Amino acid sequence: MYCNHCGNDMGDAVFCPRCNRQAGYDVLLSDATHYDLAKKVNDVPNIFLIILAFFIPLFGIIYYVMRIKFFKVKARAYGISALAGVGTSMAIGILTLLMML
């Protein structure tokens with residue numbers, strides 16, 4: 001990364017070692033917010049897999065843990081669906097137990 005003020009190579013530093021000025025926000029955030037457009041296009045959840053994660057929560061949990069770093073939208077959708085499936089199963093189980101009493 002290069003300083004906006006003097007053009008010096010700053011490396012990963014926040015302040016320039018030559019002119020002691022802080023790097024601009026666009027320079028600081030360029031690496032943090034870099035999101036590849038190809039990944040963004042591929043980061044669309046599939047409704048079939050959302051339903052699968054609901055009925056087989058282990059799939060959704062494993063997908064979430066393995067892919068959250070690369071496909072944030074997909075992983076969150078499948079993880080939320082898995083949690084909803086677990087919650088629904090628990091609620092149905094509790095209601096069934098209460099009805100049997």
# chains A, B, ... in the order shown; residues from 1 in each chain; ligands from 1

call {"tool": "select_by_dssp", "arguments": {"residues": "chain A", "states": "strand (DSSP E or B)", "output": "list in words"}}
result
Tyr2, Asp9, Phe15 and Gln22 of chain A

call {"tool": "write_last_selection", "arguments": {"atoms": "N, CA, C and O atoms", "output": "compact mmCIF listing (two decimals), in the first residue's frame"}}
result
# COMPACT_ATOMS: atom_id res chain seq x y z
N TYR A 2 0.51 2.23 -0.77
CA TYR A 2 1.30 3.45 -0.91
C TYR A 2 0.58 4.63 -0.27
O TYR A 2 -0.65 4.71 -0.28
N ASP A 9 6.06 3.76 -0.09
CA ASP A 9 5.52 2.42 0.17
C ASP A 9 5.38 2.24 1.67
O ASP A 9 6.36 2.26 2.41
N PHE A 15 0.09 4.42 9.42
CA PHE A 15 0.73 5.73 9.29
C PHE A 15 1.96 5.59 8.42
O PHE A 15 2.73 4.64 8.54
N GLN A 22 -1.73 9.64 8.25
CA GLN A 22 -2.55 8.44 8.21
C GLN A 22 -3.01 8.18 6.78
O GLN A 22 -3.34 9.11 6.04

call {"tool": "residues_around", "arguments": {"residues": "Asn20 (chain A)", "least_positions_apart": "2", "cutoff": "12 Å", "atoms": "only C-alpha atoms", "output": "VMD selection string"}}
result
chain A and resid 3 to 6 8 10 13 to 18 22 to 23

call {"tool": "write_last_selection", "arguments": {"atoms": "N, CA, C and O atoms", "output": "PDB file, in the first residue's frame"}}
result
ATOM      1  N   CYS A   3       1.367   5.547   0.265  1.00  0.00           N
ATOM      2  CA  CYS A   3       0.828   6.736   0.933  1.00  0.00           C
ATOM      3  C   CYS A   3       0.158   7.640  -0.100  1.00  0.00           C
ATOM      4  O   CYS A   3       0.711   7.878  -1.178  1.00  0.00           O
ATOM      5  N   ASN A   4      -1.019   8.173   0.224  1.00  0.00           N
ATOM      6  CA  ASN A   4      -1.724   9.098  -0.673  1.00  0.00           C
ATOM      7  C   ASN A   4      -1.044  10.458  -0.734  1.00  0.00           C
ATOM      8  O   ASN A   4      -1.226  11.196  -1.690  1.00  0.00           O
ATOM      9  N   HIS A   5      -0.266  10.796   0.292  1.00  0.00           N
ATOM     10  CA  HIS A   5       0.302  12.133   0.394  1.00  0.00           C
ATOM     11  C   HIS A   5       1.686  12.236  -0.239  1.00  0.00           C
ATOM     12  O   HIS A   5       1.958  13.174  -0.981  1.00  0.00           O
ATOM     13  N   CYS A   6       2.575  11.272   0.060  1.00  0.00           N
ATOM     14  CA  CYS A   6       3.948  11.370  -0.458  1.00  0.00           C
ATOM     15  C   CYS A   6       4.310  10.247  -1.426  1.00  0.00           C
ATOM     16  O   CYS A   6       5.359  10.290  -2.057  1.00  0.00           O
ATOM     17  N   ASN A   8       5.075   7.152  -0.717  1.00  0.00           N
ATOM     18  CA  ASN A   8       6.000   6.192  -0.119  1.00  0.00           C
ATOM     19  C   ASN A   8       5.301   4.842   0.072  1.00  0.00           C
ATOM     20  O   ASN A   8       4.109   4.781   0.363  1.00  0.00           O
ATOM     21  N   MET A  10       4.147   2.037   2.146  1.00  0.00           N
ATOM     22  CA  MET A  10       3.879   1.932   3.578  1.00  0.00           C
ATOM     23  C   MET A  10       3.809   0.485   4.055  1.00  0.00           C
ATOM     24  O   MET A  10       3.768   0.242   5.256  1.00  0.00           O
ATOM     25  N   ALA A  13       1.331  -0.669   7.161  1.00  0.00           N
ATOM     26  CA  ALA A  13       1.234   0.326   8.232  1.00  0.00           C
ATOM     27  C   ALA A  13       0.047   1.255   8.001  1.00  0.00           C
ATOM     28  O   ALA A  13      -0.359   1.517   6.872  1.00  0.00           O
ATOM     29  N   VAL A  14      -0.509   1.765   9.086  1.00  0.00           N
ATOM     30  CA  VAL A  14      -1.612   2.713   9.015  1.00  0.00           C
ATOM     31  C   VAL A  14      -1.075   4.123   8.814  1.00  0.00           C
ATOM     32  O   VAL A  14      -1.663   4.934   8.112  1.00  0.00           O
ATOM     33  N   PHE A  15       0.092   4.424   9.424  1.00  0.00           N
ATOM     34  CA  PHE A  15       0.725   5.728   9.293  1.00  0.00           C
ATOM     35  C   PHE A  15       1.962   5.594   8.417  1.00  0.00           C
ATOM     36  O   PHE A  15       2.734   4.644   8.537  1.00  0.00           O
ATOM     37  N   CYS A  16       2.173   6.572   7.552  1.00  0.00           N
ATOM     38  CA  CYS A  16       3.321   6.567   6.648  1.00  0.00           C
ATOM     39  C   CYS A  16       4.599   6.814   7.450  1.00  0.00           C
ATOM     40  O   CYS A  16       4.669   7.766   8.231  1.00  0.00           O
ATOM     41  N   PRO A  17       5.650   5.976   7.270  1.00  0.00           N
ATOM     42  CA  PRO A  17       6.896   6.194   8.013  1.00  0.00           C
ATOM     43  C   PRO A  17       7.651   7.444   7.556  1.00  0.00           C
ATOM     44  O   PRO A  17       8.417   8.010   8.317  1.00  0.00           O
ATOM     45  N   ARG A  18       7.402   7.924   6.329  1.00  0.00           N
ATOM     46  CA  ARG A  18       8.122   9.092   5.830  1.00  0.00           C
ATOM     47  C   ARG A  18       7.461  10.399   6.263  1.00  0.00           C
ATOM     48  O   ARG A  18       8.098  11.267   6.858  1.00  0.00           O
ATOM     49  N   GLN A  22      -1.726   9.638   8.248  1.00  0.00           N
ATOM     50  CA  GLN A  22      -2.548   8.436   8.207  1.00  0.00           C
ATOM     51  C   GLN A  22      -3.013   8.181   6.780  1.00  0.00           C
ATOM     52  O   GLN A  22      -3.337   9.112   6.040  1.00  0.00           O
ATOM     53  N   ALA A  23      -3.035   6.906   6.420  1.00  0.00           N
ATOM     54  CA  ALA A  23      -3.508   6.541   5.093  1.00  0.00           C
ATOM     55  C   ALA A  23      -4.993   6.868   4.977  1.00  0.00           C
ATOM     56  O   ALA A  23      -5.732   6.842   5.958  1.00  0.00           O
TER      57      ALA A  23
END

call {"tool": "closest_residue", "arguments": {"among": "A:Ile92, A:Leu58, A:Ala53, A:Met66", "to": "Ile80 (chain A)", "atoms": "only C-alpha atoms"}}
result
A:Ala53

call {"tool": "residues_around", "arguments": {"residues": "Ile56 (chain A)", "least_positions_apart": "5", "cutoff": "9 Å", "atoms": "only C-alpha atoms", "output": "list in words"}}
result
Ile51, Ala82, Gly85 and Val86 of chain A

call {"tool": "write_last_selection", "arguments": {"atoms": "N, CA, C and O atoms", "output": "compact mmCIF listing (two decimals), in the first residue's frame"}}
result
# COMPACT_ATOMS: atom_id res chain seq x y z
N ILE A 51 -34.02 -26.09 1.84
CA ILE A 51 -34.99 -27.07 2.32
C ILE A 51 -34.28 -28.31 2.87
O ILE A 51 -34.66 -28.84 3.92
N ALA A 82 -30.77 -24.62 9.01
CA ALA A 82 -30.49 -25.76 9.88
C ALA A 82 -30.94 -25.47 11.31
O ALA A 82 -31.54 -26.33 11.97
N GLY A 85 -34.61 -25.73 11.47
CA GLY A 85 -35.01 -27.14 11.48
C GLY A 85 -34.85 -27.78 12.84
O GLY A 85 -35.73 -28.53 13.30
N VAL A 86 -33.76 -27.48 13.51
CA VAL A 86 -33.53 -28.02 14.86
C VAL A 86 -34.58 -27.46 15.81
O VAL A 86 -35.17 -28.21 16.61

call {"tool": "closest_residue", "arguments": {"among": "A:Phe54, A:Asn42, A:Phe48, A:Ala91", "to": "Phe70 (chain A)", "atoms": "only C-alpha atoms"}}
result
A:Asn42

call {"tool": "atom_distance", "arguments": {"atom1": "CA of Met100 (chain A)", "atom2": "CA of Pro57 (chain A)"}}
result
26.1 Å

call {"tool": "residues_around", "arguments": {"residues": "Ala75 (chain A)", "least_positions_apart": "4", "cutoff": "7 Å", "atoms": "only C-alpha atoms", "output": "JSON, numbers by chain"}}
result
{"A": [63, 64, 67, 68, 71, 79]}

call {"tool": "select_by_dssp", "arguments": {"residues": "chain A", "states": "alpha helix (DSSP H)", "output": "PyMOL selection string"}}
result
chain A and resi 25-32+37-42+47-55+57-67+72-100

call {"tool": "atom_distance", "arguments": {"atom1": "CA of Ile47 (chain A)", "atom2": "CA of Met90 (chain A)"}}
result
22.9 Å
